[in-house]
>>> print(open('coords.cif').read())   # mmCIF, C-alpha atoms
data_model
#
loop_
_atom_site.label_atom_id
_atom_site.label_comp_id
_atom_site.auth_asym_id
_atom_site.auth_seq_id
_atom_site.Cartn_x
_atom_site.Cartn_y
_atom_site.Cartn_z
CA MET A 27 -2.44 -29.39 -39.78
CA GLU A 28 -2.47 -26.27 -37.61
CA ASN A 29 -1.59 -26.70 -33.95
CA LYS A 30 -5.04 -25.55 -32.85
CA SER A 31 -6.74 -28.06 -35.13
CA ILE A 32 -4.47 -30.88 -33.93
CA SER A 33 -5.07 -30.19 -30.27
CA THR A 34 -8.81 -29.72 -30.82
CA VAL A 35 -9.15 -33.04 -32.66
CA GLU A 36 -7.14 -34.79 -29.95
CA THR A 37 -9.11 -33.23 -27.11
CA VAL A 38 -12.55 -33.80 -28.64
CA PHE A 39 -11.68 -37.38 -29.59
CA ALA A 40 -10.57 -38.17 -26.02
CA GLU A 41 -13.68 -36.55 -24.52
CA VAL A 42 -16.12 -38.28 -26.85
CA LEU A 43 -14.43 -41.65 -26.44
CA GLU A 44 -14.63 -41.36 -22.68
CA ASN A 45 -18.26 -40.21 -22.67
CA LEU A 46 -19.45 -42.69 -25.27
CA ALA A 47 -17.53 -45.80 -24.30
CA PHE A 48 -15.58 -45.11 -21.09
CA MET A 49 -12.28 -45.57 -22.96
CA PHE A 50 -9.28 -43.33 -22.49
CA ALA A 51 -7.08 -41.72 -25.13
CA ASP A 52 -3.93 -39.64 -24.86
CA PRO A 53 -1.88 -37.91 -27.53
CA SER A 54 1.24 -39.90 -28.39
CA GLU A 55 4.52 -39.37 -30.15
CA LYS A 56 4.22 -41.03 -33.55
CA GLU A 57 7.44 -42.95 -33.01
CA ALA A 58 6.11 -44.38 -29.77
CA LEU A 59 3.14 -46.14 -31.38
CA ASP A 60 3.36 -49.90 -31.63
CA ASP A 61 1.53 -51.16 -34.73
CA GLU A 62 2.90 -54.70 -34.78
CA ASN A 63 0.52 -57.65 -35.12
CA SER A 64 -2.51 -55.44 -35.34
CA GLU A 65 -5.38 -55.71 -37.78
CA PHE A 66 -6.76 -52.27 -38.50
CA ILE A 67 -9.98 -50.75 -39.76
CA GLN A 68 -10.64 -47.20 -40.86
CA THR A 69 -13.51 -44.87 -41.41
CA SER A 70 -13.76 -41.32 -42.66
CA ILE A 71 -16.33 -38.57 -42.81
CA LEU A 72 -16.35 -35.74 -45.33
CA PHE A 73 -17.59 -32.29 -44.46
CA THR A 74 -18.59 -29.48 -46.79
CA GLY A 75 -19.98 -26.00 -46.30
CA HIS A 76 -18.12 -23.30 -44.36
CA LYS A 77 -14.96 -25.40 -44.77
CA GLU A 78 -14.33 -28.59 -46.74
CA GLY A 79 -12.28 -31.51 -45.63
CA LYS A 80 -12.11 -34.94 -44.12
CA LEU A 81 -11.78 -36.53 -40.72
CA LYS A 82 -10.40 -40.06 -40.77
CA ILE A 83 -9.61 -42.57 -38.07
CA ILE A 84 -7.54 -45.76 -38.23
CA VAL A 85 -7.85 -48.13 -35.28
CA PRO A 86 -6.93 -51.72 -34.45
CA VAL A 87 -9.91 -54.07 -34.74
CA ASN A 88 -9.63 -54.92 -31.04
CA VAL A 89 -10.12 -51.24 -30.16
CA ALA A 90 -13.20 -51.07 -32.39
CA LYS A 91 -14.54 -54.23 -30.74
CA GLU A 92 -13.94 -52.79 -27.30
CA LEU A 93 -15.69 -49.60 -28.38
CA ALA A 94 -18.75 -51.52 -29.58
CA GLY A 95 -18.70 -53.80 -26.55
CA ASN A 96 -18.64 -50.90 -24.12
CA ILE A 97 -21.42 -49.09 -25.96
CA LEU A 98 -23.60 -52.18 -26.20
CA GLY A 99 -22.74 -53.39 -22.72
CA ILE A 100 -21.31 -56.70 -23.94
CA ASP A 101 -18.41 -58.14 -21.96
CA THR A 102 -16.70 -60.50 -24.38
CA ASP A 103 -15.68 -59.55 -27.88
CA ASP A 104 -16.75 -62.98 -29.14
CA GLU A 105 -20.33 -61.73 -29.31
CA ILE A 106 -19.42 -58.62 -31.28
CA VAL A 107 -19.82 -59.02 -35.02
CA GLU A 108 -18.20 -56.87 -37.68
CA ALA A 109 -21.41 -54.92 -38.30
CA ASP A 110 -21.43 -53.87 -34.64
CA TYR A 111 -17.88 -52.59 -34.45
CA THR A 112 -17.94 -50.83 -37.83
CA ASP A 113 -21.24 -49.20 -36.82
CA ALA A 114 -19.67 -48.11 -33.53
CA LEU A 115 -16.62 -46.65 -35.25
CA ASP A 116 -18.80 -44.78 -37.76
CA GLU A 117 -20.86 -43.31 -34.95
CA LEU A 118 -17.72 -42.31 -33.05
CA MET A 119 -16.47 -40.45 -36.13
CA ASN A 120 -19.83 -38.78 -36.64
CA VAL A 121 -19.89 -37.42 -33.09
CA VAL A 122 -16.21 -36.43 -33.09
CA CYS A 123 -16.50 -34.61 -36.41
CA GLY A 124 -19.59 -32.64 -35.38
CA ASN A 125 -17.98 -31.58 -32.14
CA VAL A 126 -14.59 -30.74 -33.70
CA LEU A 127 -16.21 -28.45 -36.26
CA THR A 128 -18.24 -26.67 -33.59
CA GLU A 129 -15.16 -26.27 -31.39
CA LEU A 130 -13.08 -24.88 -34.25
CA TYR A 131 -15.63 -22.67 -36.02
CA GLY A 132 -18.50 -22.07 -33.57
CA ILE A 133 -22.25 -22.55 -33.99
CA GLU A 134 -22.88 -20.07 -36.81
CA PRO A 135 -21.25 -21.74 -39.86
CA ILE A 136 -23.21 -24.45 -41.67
CA PHE A 137 -21.58 -27.81 -42.40
CA ASN A 138 -22.88 -30.88 -44.20
CA LEU A 139 -21.49 -34.20 -43.02
CA SER A 140 -21.34 -37.35 -45.12
CA ILE A 141 -22.43 -40.72 -43.74
CA PRO A 142 -19.22 -42.54 -42.72
CA GLN A 143 -18.54 -46.03 -44.05
CA ALA A 144 -16.00 -48.13 -42.16
CA GLY A 145 -13.76 -50.56 -44.03
CA SER A 146 -10.52 -52.46 -43.76
CA PHE A 147 -7.15 -50.71 -43.71
CA ASP A 148 -4.05 -52.02 -45.46
CA PRO A 149 -1.34 -52.27 -42.77
CA ASP A 150 1.33 -51.69 -45.43
CA LYS A 151 0.08 -48.11 -45.61
CA TRP A 152 0.55 -47.50 -41.89
CA GLN A 153 3.87 -45.69 -42.22
CA ALA A 154 2.62 -43.49 -45.04
CA GLU A 155 -0.33 -42.45 -42.87
CA LEU A 156 1.97 -41.86 -39.94
CA ASP A 157 4.17 -39.58 -42.02
CA LYS A 158 1.33 -37.25 -43.01
CA SER A 159 1.46 -33.83 -41.38
CA THR A 160 -2.34 -33.91 -41.11
CA VAL A 161 -2.29 -37.02 -38.90
CA ALA A 162 -2.33 -37.03 -35.11
CA ALA A 163 -1.25 -40.09 -33.12
CA MET A 164 -3.23 -41.26 -30.10
CA ASN A 165 -2.75 -43.97 -27.53
CA VAL A 166 -6.03 -45.66 -26.58
CA ASP A 167 -5.55 -47.89 -23.57
CA GLY A 168 -2.14 -48.91 -24.99
CA ASP A 169 -3.26 -49.33 -28.59
CA PRO A 170 -2.28 -47.06 -31.50
CA VAL A 171 -4.92 -44.88 -33.16
CA LEU A 172 -4.39 -42.40 -35.99
CA LEU A 173 -6.64 -39.40 -36.59
CA GLU A 174 -6.41 -37.37 -39.77
CA PHE A 175 -8.00 -33.94 -40.03
CA ASP A 176 -7.44 -32.72 -43.55
CA LEU A 177 -8.77 -29.32 -44.63
CA LYS A 178 -8.93 -28.53 -48.34
CA MET B 19 -46.16 -43.35 -16.21
CA ALA B 20 -44.42 -45.90 -18.40
CA LEU B 21 -43.75 -44.56 -21.87
CA ASN B 22 -43.97 -46.00 -25.35
CA ILE B 23 -40.87 -44.64 -27.04
CA LEU B 24 -39.79 -44.82 -30.67
CA LEU B 25 -36.06 -44.60 -31.51
CA VAL B 26 -35.28 -43.67 -35.12
CA ASP B 27 -31.69 -44.01 -36.28
CA ASP B 28 -29.97 -45.99 -39.00
CA SER B 29 -27.31 -47.01 -36.49
CA LYS B 30 -28.13 -49.93 -34.20
CA ILE B 31 -25.33 -48.71 -31.94
CA VAL B 32 -26.92 -45.28 -31.54
CA ARG B 33 -30.32 -46.79 -30.78
CA SER B 34 -28.60 -48.95 -28.20
CA VAL B 35 -26.87 -45.92 -26.65
CA ILE B 36 -30.18 -44.04 -26.37
CA ALA B 37 -31.94 -47.08 -24.89
CA LYS B 38 -29.16 -47.58 -22.35
CA THR B 39 -29.17 -43.89 -21.45
CA LEU B 40 -32.94 -43.88 -21.01
CA LYS B 41 -32.54 -46.75 -18.56
CA LEU B 42 -29.72 -44.99 -16.69
CA ALA B 43 -31.90 -41.88 -16.54
CA ASP B 44 -34.60 -43.89 -14.72
CA ILE B 45 -37.13 -43.17 -17.43
CA ARG B 46 -39.74 -45.89 -17.19
CA ILE B 47 -40.45 -47.54 -20.52
CA ASN B 48 -43.47 -49.65 -21.43
CA GLU B 49 -42.47 -50.46 -25.03
CA LEU B 50 -39.35 -49.43 -26.91
CA TYR B 51 -39.74 -49.43 -30.70
CA ASN B 52 -36.84 -49.22 -33.15
CA ALA B 53 -36.82 -47.85 -36.70
CA GLY B 54 -33.89 -47.59 -39.11
CA ASP B 55 -35.30 -44.64 -41.05
CA GLY B 56 -38.33 -42.38 -41.40
CA ILE B 57 -40.32 -44.86 -43.49
CA GLU B 58 -40.08 -47.56 -40.83
CA ALA B 59 -40.86 -44.97 -38.18
CA LEU B 60 -44.08 -43.86 -39.89
CA LYS B 61 -45.27 -47.48 -40.12
CA ILE B 62 -44.69 -47.94 -36.40
CA LEU B 63 -46.36 -44.61 -35.60
CA LYS B 64 -49.46 -45.59 -37.57
CA ASP B 65 -49.82 -48.97 -35.86
CA ASN B 66 -48.89 -48.13 -32.26
CA TRP B 67 -49.50 -45.58 -29.55
CA ILE B 68 -46.22 -43.66 -29.14
CA ASP B 69 -45.61 -41.10 -26.38
CA LEU B 70 -42.23 -39.82 -27.52
CA VAL B 71 -39.98 -40.04 -30.58
CA PHE B 72 -36.21 -39.72 -30.62
CA THR B 73 -34.84 -39.26 -34.11
CA ASP B 74 -31.58 -38.73 -35.92
CA ILE B 75 -31.43 -36.30 -38.84
CA ASN B 76 -28.97 -37.84 -41.29
CA MET B 77 -30.32 -41.21 -42.38
CA PRO B 78 -30.47 -42.96 -45.74
CA GLY B 79 -33.99 -43.37 -47.15
CA MET B 80 -36.38 -41.00 -45.40
CA ASP B 81 -34.29 -38.72 -43.16
CA GLY B 82 -35.27 -37.05 -39.89
CA ILE B 83 -36.43 -33.78 -41.46
CA GLN B 84 -38.71 -35.66 -43.86
CA LEU B 85 -40.08 -37.69 -40.94
CA ILE B 86 -40.79 -34.52 -38.92
CA ASN B 87 -42.51 -32.96 -41.94
CA ALA B 88 -44.57 -36.11 -42.55
CA MET B 89 -45.66 -36.24 -38.90
CA ALA B 90 -46.65 -32.56 -39.01
CA GLU B 91 -48.97 -33.26 -41.94
CA GLN B 92 -50.91 -36.00 -40.14
CA SER B 93 -53.36 -34.96 -37.45
CA LEU B 94 -52.87 -38.15 -35.42
CA LEU B 95 -49.10 -37.74 -35.36
CA GLU B 96 -48.53 -34.01 -35.21
CA SER B 97 -48.91 -33.77 -31.43
CA ILE B 98 -46.38 -36.52 -30.62
CA PRO B 99 -43.28 -34.91 -29.09
CA VAL B 100 -40.14 -35.32 -31.19
CA ILE B 101 -36.64 -35.01 -29.76
CA VAL B 102 -33.84 -34.74 -32.29
CA ILE B 103 -30.55 -36.33 -31.27
CA THR B 104 -27.80 -34.94 -33.43
CA THR B 105 -24.19 -33.93 -33.76
CA GLU B 106 -25.48 -30.75 -35.38
CA GLY B 107 -24.12 -27.62 -33.74
CA ASN B 108 -25.29 -24.97 -36.18
CA LYS B 109 -27.61 -22.45 -34.55
CA ASN B 110 -29.64 -21.71 -37.70
CA ARG B 111 -30.26 -25.39 -38.39
CA ILE B 112 -31.38 -25.98 -34.80
CA ASP B 113 -33.68 -22.94 -34.96
CA SER B 114 -35.05 -24.27 -38.24
CA LEU B 115 -35.80 -27.64 -36.62
CA LYS B 116 -37.63 -25.88 -33.80
CA GLU B 117 -39.70 -23.98 -36.35
CA LYS B 118 -40.67 -27.31 -37.87
CA GLY B 119 -42.18 -28.23 -34.53
CA ILE B 120 -39.63 -30.43 -32.77
CA SER B 121 -39.93 -30.41 -29.00
CA ALA B 122 -36.22 -30.40 -28.25
CA TYR B 123 -32.82 -31.38 -29.50
CA ILE B 124 -29.92 -33.06 -27.76
CA ARG B 125 -26.36 -32.89 -28.99
CA LYS B 126 -24.22 -36.00 -28.92
CA PRO B 127 -22.60 -37.12 -26.72
CA PHE B 128 -25.13 -36.71 -23.93
CA THR B 129 -25.60 -37.83 -20.34
CA PRO B 130 -28.56 -39.56 -18.63
CA GLU B 131 -29.13 -36.36 -16.64
CA GLN B 132 -29.36 -34.26 -19.81
CA LEU B 133 -31.73 -36.77 -21.38
CA LYS B 134 -34.01 -36.90 -18.35
CA SER B 135 -34.04 -33.12 -18.05
CA VAL B 136 -35.17 -32.73 -21.65
CA VAL B 137 -37.82 -35.44 -21.37
CA GLU B 138 -39.19 -33.88 -18.19
CA GLU B 139 -39.30 -30.46 -19.82
CA ILE B 140 -41.62 -31.96 -22.42
CA LEU B 141 -43.67 -34.48 -20.45
CA GLY B 142 -43.43 -33.12 -16.93
CA GLU B 143 -41.65 -34.65 -13.96
CA LEU B 144 -41.34 -38.42 -14.19
CA PRO B 145 -41.49 -40.78 -11.19
CA ASN B 146 -38.26 -42.57 -10.28
CA TYR B 147 -37.99 -46.30 -10.85
CA GLU B 148 -37.44 -46.83 -7.15
CA GLU B 149 -40.78 -45.22 -6.33
CA ASN B 150 -42.74 -47.71 -8.41
#
>>> encode(input="coords.cif", output="structure tokens")
Amino acid sequence: MENKSISTVETVFAEVLENLAFMFADPSEKEALDDENSEFIQTSILFTGHKEGKLKIIVPVNVAKELAGNILGIDTDDEIVEADYTDALDELMNVVCGNVLTELYGIEPIFNLSIPQAGSFDPDKWQAELDKSTVAAMNVDGDPVLLEFDLK
Amino acid sequence: MALNILLVDDSKIVRSVIAKTLKLADIRINELYNAGDGIEALKILKDNWIDLVFTDINMPGMDGIQLINAMAEQSLLESIPVIVITTEGNKNRIDSLKEKGISAYIRKPFTPEQLKSVVEEILGELPNYEEN
């Protein structure tokens, strides 16, 4: 992943997360992420048109629950069901992807975005994801988050 | 003036965000209707008086463009203001939506101030909650 793309994805993700859910994200060294005892979910969105590729996010379930809780204005995560936090993560990806593409390529090119579908992530694949050059590591309020921006 | 507002989005979370932002923007609401796609939206529009529609574009079933086209073909619905809430940044697509008759579009993410400004551009200045 080019440096400009990496920094754009990181910056847009942090801005959207703060605006949408008042949560804070910072770029992290991959080695510094702590993935122990975490259950993860992932979602991805495909884009076609001026450029083709994929934006994917892998987050701990507790981060997704916090995201949904903050958006819905619910204090305890006990009330947040899976449909809520997968919906919230899908919407986050939708907004991040749209804004990343506009930041990188401007308002003239046309893109078509797929409808994201969140699902579980196999923790055994964490290291393989971490090793990808297309993956950026983020720290969200102390929790590890991976963002992949993969251009074809 | 308290408004009857219809929110059209397949995401419950997004509808919740818009509803919360409308409240934060001090926009007085009489009834808030929710639809998961254009088909549900048209049913609500036919059965209820709606002052303003917020709609997404990308939805399974009947999408936002199809909804806007369907509303434009019906004399009772064509004058209802439609605000598109989208991640879309492409200038040509936005111009195309305006040609189809939408009143405004708002890019996500958005603030209560942006939302109120757009609503007031369409409906005129709204009274604050505190004044009522």
>>> resolve_selection(input="coords.cif", expression="the PyMOL selection byres ((chain A and resi 157-164) around 10)", output="JSON, numbers by chain")
{"A": [27, 28, 31, 32, 33, 35, 36, 39, 40, 50, 51, 52, 53, 54, 55, 56, 57, 58, 59, 81, 82, 83, 84, 85, 152, 153, 154, 155, 156, 165, 166, 167, 168, 169, 170, 171, 172, 173, 174, 175, 176, 177]}
>>> resolve_selection(input="coords.cif", expression="the PyMOL selection byres ((chain A) within 9 of (chain B))", output="PDB file with C-alpha atoms, in the frame of the given file")
ATOM      1  CA  VAL A  42     -16.120 -38.280 -26.850  1.00  0.00           C
ATOM      2  CA  ASN A  45     -18.260 -40.210 -22.670  1.00  0.00           C
ATOM      3  CA  LEU A  46     -19.450 -42.690 -25.270  1.00  0.00           C
ATOM      4  CA  ALA A  94     -18.750 -51.520 -29.580  1.00  0.00           C
ATOM      5  CA  ILE A  97     -21.420 -49.090 -25.960  1.00  0.00           C
ATOM      6  CA  LEU A  98     -23.600 -52.180 -26.200  1.00  0.00           C
ATOM      7  CA  GLY A  99     -22.740 -53.390 -22.720  1.00  0.00           C
ATOM      8  CA  ASP A 110     -21.430 -53.870 -34.640  1.00  0.00           C
ATOM      9  CA  TYR A 111     -17.880 -52.590 -34.450  1.00  0.00           C
ATOM     10  CA  ASP A 113     -21.240 -49.200 -36.820  1.00  0.00           C
ATOM     11  CA  ALA A 114     -19.670 -48.110 -33.530  1.00  0.00           C
ATOM     12  CA  ASP A 116     -18.800 -44.780 -37.760  1.00  0.00           C
ATOM     13  CA  GLU A 117     -20.860 -43.310 -34.950  1.00  0.00           C
ATOM     14  CA  ASN A 120     -19.830 -38.780 -36.640  1.00  0.00           C
ATOM     15  CA  VAL A 121     -19.890 -37.420 -33.090  1.00  0.00           C
ATOM     16  CA  VAL A 122     -16.210 -36.430 -33.090  1.00  0.00           C
ATOM     17  CA  CYS A 123     -16.500 -34.610 -36.410  1.00  0.00           C
ATOM     18  CA  GLY A 124     -19.590 -32.640 -35.380  1.00  0.00           C
ATOM     19  CA  ASN A 125     -17.980 -31.580 -32.140  1.00  0.00           C
ATOM     20  CA  LEU A 127     -16.210 -28.450 -36.260  1.00  0.00           C
ATOM     21  CA  THR A 128     -18.240 -26.670 -33.590  1.00  0.00           C
ATOM     22  CA  GLY A 132     -18.500 -22.070 -33.570  1.00  0.00           C
ATOM     23  CA  ILE A 133     -22.250 -22.550 -33.990  1.00  0.00           C
ATOM     24  CA  GLU A 134     -22.880 -20.070 -36.810  1.00  0.00           C
ATOM     25  CA  PRO A 135     -21.250 -21.740 -39.860  1.00  0.00           C
ATOM     26  CA  ILE A 136     -23.210 -24.450 -41.670  1.00  0.00           C
ATOM     27  CA  PHE A 137     -21.580 -27.810 -42.400  1.00  0.00           C
ATOM     28  CA  LEU A 139     -21.490 -34.200 -43.020  1.00  0.00           C
ATOM     29  CA  SER A 140     -21.340 -37.350 -45.120  1.00  0.00           C
ATOM     30  CA  ILE A 141     -22.430 -40.720 -43.740  1.00  0.00           C
TER      31      ILE A 141
END
>>> residues_around(input="coords.cif", residues="Val26 (chain B)", least_positions_apart="6", cutoff="7 Å", atoms="only C-alpha atoms", output="JSON, numbers by chain")
{"B": [52, 53, 54, 55, 59, 72, 73, 74]}
>>> resolve_selection(input="coords.cif", expression="the PyMOL selection byres ((chain A and resi 144) around 6)", output="list of chain:residue names")
A:Gln68, A:Thr69, A:Thr112, A:Gln143, A:Gly145
>>> atom_distance(input="coords.cif", atom1="CA of Glu44 (chain A)", atom2="CA of Val89 (chain A)")
13.2 Å
>>> atom_distance(input="coords.cif", atom1="CA of Met80 (chain B)", atom2="CA of Ile57 (chain B)")
5.8 Å
>>> residues_around(input="coords.cif", residues="Ile68 (chain B)", least_positions_apart="6", cutoff="9 Å", atoms="only C-alpha atoms", output="ChimeraX atom specification")
/B:21-24,49,51,62,98
>>> atom_distance(input="coords.cif", atom1="CA of Leu40 (chain B)", atom2="CA of Val38 (chain A)")
24.0 Å
>>> closest_residue(input="coords.cif", among="B:Ser97, B:Asp27, B:Asp44, B:Leu50", to="Gly82 (chain B)", atoms="all atoms listed in the file")
B:Asp27
>>> residues_around(input="coords.cif", residues="Ile140 (chain B)", least_positions_apart="2", cutoff="8 Å", atoms="only C-alpha atoms", output="list of chain:residue names")
B:Pro99, B:Ser121, B:Val136, B:Val137, B:Glu138, B:Gly142
